[in-house]
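K.L.:
Pasting a structure below so you can have a look.
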Amino acid sequence: MKTILLRTIEIKNFKGIEDLTIDFTNRVEIHGRNGLGKTSILDAFLWCLFGKDSTGSSSFSVRPLNADGSIKEHHDVDVMCKLEIDGIDKSFRRRWIEKIDKNGKYKGNEGAYSVDNVPIKEIDYKSVIAEICNEDLFIK
C-alpha cells in the first residue's frame, strides 16, 4: 500500500471559494459554522483527483458563486493538489475553463489537466490517479 500525504491544496473559484491555499505540512484543523465552505474544500480535493464531490456524484456544479449564491460569470475554476506519494512529491491540477462566445455569453466549458505541471489528456490524468489510489479510499 502506498503512503499518500496531502501537502497543499490551492483552490481558485471553486463553488464559494474565491482563492484559498492550505498548507497541510503541519497539523491543520478545519472547522466552522454550517455554510462556510468546509465541505467545499473536501469537494475541491475530490474533484481535482476524481471529478466527484464528497457524496460520490460527478454531476455537481463547480462554478464559482457570489455571496448571494448566484453564479459568478467569466471565472475559470482551478484546483491543484500537491501530494507526497511514498516520499515523492507530485502535483495534480484540474481546471474548468469557460468557453465564451464573441457576445460574452457562456457556451459551456472544457477541462484541462496536468501532472507535475505537464499538461496531459483527461484519460491519461485519470490513469495516473488510478495507479496511485482508488477513489473508494476517499468516497464512500
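Lettering and numbering for the C-alpha cells are positional, with chains as A, B, ... in the shown order, residues counted from 1 in each chain, and ligands counted from 1 in the shown order.
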At a cut-off of 8 Å, using only C-alpha atoms, what residues contact region 60-62 of chain A? Leave out same-chain residues fewer than 3 positions from it and give the result as a VMD selection string.
P.N.:
chain A and resid 14 to 15 52 to 53 57 77
K.L.:
For Ile22 (chain A), find every residue with an atom within 9 Å (counting only C-alpha atoms), except residues of its own chain fewer than 5 positions away, and show them as number ranges by chain.
P.N.:
A: 7-11, 28
K.L.:
Could you tell me which of A:Pro119, A:Gly104, A:Gly16, A:Gly111 comes closest to Ser91 (chain A) if we count only C-alpha atoms?
P.N.:
A:Pro119
K.L.:
Separation of CA of Pro64 (chain A) and CA of Asn13 (chain A), in Å?
P.N.:
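Calculated distance between CA of Pro64 (chain A) and CA of Asn13 (chain A) is 4.9 Å.
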K.L.:
One number please: CA of Ala67 (chain A) to CA of Ile97 (chain A), in Å, one decimal.
P.N.:
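Pair CA of Ala67 (chain A) / CA of Ile97 (chain A) returns 21.2 Å.
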K.L.:
List the spatial neighbours of Ile100 (chain A) as a tab-separated table (two decimals) with all heavy atoms, in the first residue's frame - criterion: any atom at most 12 Å away, only C-alpha atoms, same-chain residues fewer than 2 positions off excluded.
P.N.:
chain	number	residue	atom	x	y	z
A	73	GLU	N	-20.04	34.86	-13.22
A	73	GLU	CA	-19.73	34.66	-14.63
A	73	GLU	C	-18.26	34.97	-14.94
A	73	GLU	O	-17.63	35.77	-14.26
A	73	GLU	CB	-20.63	35.54	-15.50
A	73	GLU	CG	-22.10	35.26	-15.34
A	73	GLU	CD	-22.55	33.91	-15.88
A	73	GLU	OE1	-21.86	33.33	-16.75
A	73	GLU	OE2	-23.60	33.43	-15.44
A	74	HIS	N	-17.75	34.34	-15.99
A	74	HIS	CA	-16.42	34.61	-16.55
A	74	HIS	C	-15.28	34.35	-15.56
A	74	HIS	O	-14.36	35.15	-15.44
A	74	HIS	CB	-16.35	36.03	-17.10
A	74	HIS	CG	-17.47	36.35	-18.05
A	74	HIS	ND1	-17.68	35.65	-19.23
A	74	HIS	CD2	-18.47	37.25	-17.97
A	74	HIS	CE1	-18.74	36.13	-19.84
A	74	HIS	NE2	-19.24	37.10	-19.09
A	75	HIS	N	-15.38	33.24	-14.85
A	75	HIS	CA	-14.31	32.82	-13.95
A	75	HIS	C	-14.02	31.34	-14.18
A	75	HIS	O	-14.93	30.52	-14.16
A	75	HIS	CB	-14.71	33.02	-12.48
A	75	HIS	CG	-14.70	34.44	-12.04
A	75	HIS	ND1	-15.71	35.32	-12.36
A	75	HIS	CD2	-13.80	35.14	-11.32
A	75	HIS	CE1	-15.43	36.50	-11.85
A	75	HIS	NE2	-14.28	36.42	-11.21
A	76	ASP	N	-12.77	31.01	-14.40
A	76	ASP	CA	-12.36	29.62	-14.54
A	76	ASP	C	-12.12	29.03	-13.16
A	76	ASP	O	-11.74	29.74	-12.23
A	76	ASP	CB	-11.08	29.51	-15.38
A	76	ASP	CG	-11.27	30.02	-16.80
A	76	ASP	OD1	-12.42	30.02	-17.29
A	76	ASP	OD2	-10.26	30.41	-17.42
A	97	ILE	N	-12.49	25.43	-17.63
A	97	ILE	CA	-12.32	26.69	-18.34
A	97	ILE	C	-13.60	27.02	-19.10
A	97	ILE	O	-14.07	26.23	-19.91
A	97	ILE	CB	-11.12	26.60	-19.31
A	97	ILE	CG1	-9.85	26.23	-18.52
A	97	ILE	CG2	-10.94	27.90	-20.08
A	97	ILE	CD1	-8.71	25.77	-19.37
A	98	GLU	N	-14.14	28.20	-18.82
A	98	GLU	CA	-15.36	28.64	-19.50
A	98	GLU	C	-15.07	28.97	-20.96
A	98	GLU	O	-14.05	29.59	-21.27
A	98	GLU	CB	-15.94	29.88	-18.84
A	98	GLU	CG	-16.63	29.63	-17.54
A	98	GLU	CD	-17.39	30.86	-17.05
A	98	GLU	OE1	-17.27	31.95	-17.65
A	98	GLU	OE2	-18.08	30.72	-16.03
A	102	LYS	N	-18.38	35.38	-28.82
A	102	LYS	CA	-17.95	36.76	-29.10
A	102	LYS	C	-18.88	37.81	-28.48
A	102	LYS	O	-18.49	38.96	-28.34
A	102	LYS	CB	-17.82	36.97	-30.60
A	102	LYS	CG	-19.11	36.80	-31.36
A	102	LYS	CD	-18.88	36.95	-32.85
A	102	LYS	CE	-20.20	36.68	-33.58
A	102	LYS	NZ	-20.03	36.69	-35.00
A	103	ASN	N	-20.08	37.39	-28.09
A	103	ASN	CA	-21.02	38.31	-27.44
A	103	ASN	C	-20.93	38.25	-25.91
A	103	ASN	O	-21.73	38.86	-25.22
A	103	ASN	CB	-22.45	38.00	-27.88
A	103	ASN	CG	-22.63	38.20	-29.37
A	103	ASN	OD1	-22.13	39.17	-29.93
A	103	ASN	ND2	-23.32	37.28	-30.01
A	104	GLY	N	-19.98	37.48	-25.41
A	104	GLY	CA	-19.80	37.38	-23.97
A	104	GLY	C	-20.72	36.39	-23.29
A	104	GLY	O	-20.81	36.36	-22.07
A	105	LYS	N	-21.40	35.54	-24.06
A	105	LYS	CA	-22.31	34.55	-23.48
A	105	LYS	C	-21.58	33.24	-23.21
A	105	LYS	O	-20.75	32.79	-24.01
A	105	LYS	CB	-23.49	34.30	-24.41
A	105	LYS	CG	-24.43	35.46	-24.50
A	105	LYS	CD	-25.76	35.00	-25.01
A	105	LYS	CE	-26.74	36.14	-24.89
A	105	LYS	NZ	-27.97	35.75	-24.31
A	106	TYR	N	-21.94	32.64	-22.10
A	106	TYR	CA	-21.37	31.35	-21.70
A	106	TYR	C	-21.79	30.26	-22.68
A	106	TYR	O	-22.95	30.12	-23.00
A	106	TYR	CB	-21.85	31.02	-20.28
A	106	TYR	CG	-21.47	29.65	-19.79
A	106	TYR	CD1	-20.17	29.36	-19.44
A	106	TYR	CD2	-22.43	28.64	-19.68
A	106	TYR	CE1	-19.81	28.09	-18.99
A	106	TYR	CE2	-22.08	27.39	-19.23
A	106	TYR	CZ	-20.77	27.11	-18.88
A	106	TYR	OH	-20.42	25.88	-18.44
A	107	LYS	N	-20.82	29.49	-23.19
A	107	LYS	CA	-21.09	28.44	-24.17
A	107	LYS	C	-20.55	27.09	-23.72
A	107	LYS	O	-20.17	26.28	-24.55
A	107	LYS	CB	-20.44	28.81	-25.51
A	107	LYS	CG	-21.11	29.95	-26.21
A	107	LYS	CD	-22.50	29.53	-26.59
A	107	LYS	CE	-23.14	30.47	-27.54
A	107	LYS	NZ	-24.50	30.11	-27.84
A	108	GLY	N	-20.52	26.85	-22.43
A	108	GLY	CA	-20.03	25.57	-21.94
A	108	GLY	C	-18.62	25.70	-21.36
A	108	GLY	O	-18.15	26.80	-21.11
A	109	ASN	N	-18.00	24.58	-21.17
A	109	ASN	CA	-16.68	24.58	-20.57
A	109	ASN	C	-15.83	23.45	-21.15
A	109	ASN	O	-16.32	22.57	-21.83
A	109	ASN	CB	-16.78	24.43	-19.05
A	109	ASN	CG	-17.33	23.09	-18.65
A	109	ASN	OD1	-18.52	22.84	-18.77
A	109	ASN	ND2	-16.48	22.20	-18.20
A	110	GLU	N	-14.55	23.52	-20.83
A	110	GLU	CA	-13.64	22.44	-21.19
A	110	GLU	C	-12.71	22.18	-20.02
A	110	GLU	O	-12.43	23.08	-19.23
A	110	GLU	CB	-12.85	22.77	-22.46
A	110	GLU	CG	-11.95	23.97	-22.33
A	110	GLU	CD	-11.27	24.35	-23.64
A	110	GLU	OE1	-11.75	23.94	-24.71
A	110	GLU	OE2	-10.26	25.05	-23.59
K.L.:
May I ask which of the residues A:Asn134, A:Asn117, A:Ser70, A:Thr3 is the closest one to Gly87 (chain A), counting only C-alpha atoms?
P.N.:
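Looking only at the distances to Gly87 (chain A), the closest residue turns out to be A:Thr3.
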K.L.:
Pull the helix (DSSP H, G or I) assignments for region 4-127 of chain A out of DSSP run on the backbone, and list those residues as a VMD selection string.
P.N.:
chain A and resid 38 to 50 122 to 127
K.L.:
Now that the selection is made, can you save its residues with C-alpha atoms as a PDB file, in the first residue's frame?
P.N.:
ATOM      1  CA  LYS A  38     -15.659  23.096   4.907  1.00  0.00           C
ATOM      2  CA  THR A  39     -17.276  20.575   2.583  1.00  0.00           C
ATOM      3  CA  SER A  40     -16.295  22.670  -0.441  1.00  0.00           C
ATOM      4  CA  ILE A  41     -12.626  22.155   0.487  1.00  0.00           C
ATOM      5  CA  LEU A  42     -13.160  18.379   0.526  1.00  0.00           C
ATOM      6  CA  ASP A  43     -15.174  18.588  -2.698  1.00  0.00           C
ATOM      7  CA  ALA A  44     -12.352  20.551  -4.366  1.00  0.00           C
ATOM      8  CA  PHE A  45      -9.833  17.866  -3.386  1.00  0.00           C
ATOM      9  CA  LEU A  46     -12.062  15.042  -4.642  1.00  0.00           C
ATOM     10  CA  TRP A  47     -12.954  16.918  -7.826  1.00  0.00           C
ATOM     11  CA  CYS A  48      -9.283  17.537  -8.547  1.00  0.00           C
ATOM     12  CA  LEU A  49      -8.417  13.858  -8.272  1.00  0.00           C
ATOM     13  CA  PHE A  50     -11.598  12.041  -9.263  1.00  0.00           C
ATOM     14  CA  GLU A 122      -8.070  13.614 -19.320  1.00  0.00           C
ATOM     15  CA  ILE A 123      -7.797   9.865 -19.935  1.00  0.00           C
ATOM     16  CA  ASP A 124      -4.088   9.921 -19.056  1.00  0.00           C
ATOM     17  CA  TYR A 125      -4.753  12.043 -15.963  1.00  0.00           C
ATOM     18  CA  LYS A 126      -7.321   9.532 -14.737  1.00  0.00           C
ATOM     19  CA  SER A 127      -4.915   6.688 -15.423  1.00  0.00           C
TER      20      SER A 127
END
K.L.:
Please return as a VMD selection string: the residues of chain A that backbone DSSP assigns to strand (DSSP E or B).
P.N.:
chain A and resid 4 to 14 17 to 23 65 71 77 to 85 88 to 100 106 to 115 118 to 120
K.L.:
Looking at A:Ile139, A:Val128, A:Ile120, A:Met80, which one is nearest to Thr55 (chain A), with distances taken over only C-alpha atoms?
P.N.:
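Once distances to Thr55 (chain A) are computed over only C-alpha atoms, the minimum belongs to A:Ile139.
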K.L.:
For a test of reading the model, state the distance in Å between CA of Ala130 (chain A) and CA of Asn26 (chain A), rounded to one decimal.
P.N.:
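Rounded to one decimal, the two atoms are 26.8 Å apart.
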K.L.:
Would you please work out which residue, of A:Ile17, A:Leu83, A:Ile88, A:Leu6, is nearest to Leu65 (chain A) when using only C-alpha atoms?
P.N.:
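For Leu65 (chain A), the nearest of the given residues is A:Ile17.
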K.L.:
Identify which of the residues A:His31, A:Val115, A:Gly56, A:Phe138 lies closest to Asp89 (chain A), counting only C-alpha atoms when measuring atom-to-atom distances.
P.N.:
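With only C-alpha atoms as the atom set, the closest residue is A:Val115.
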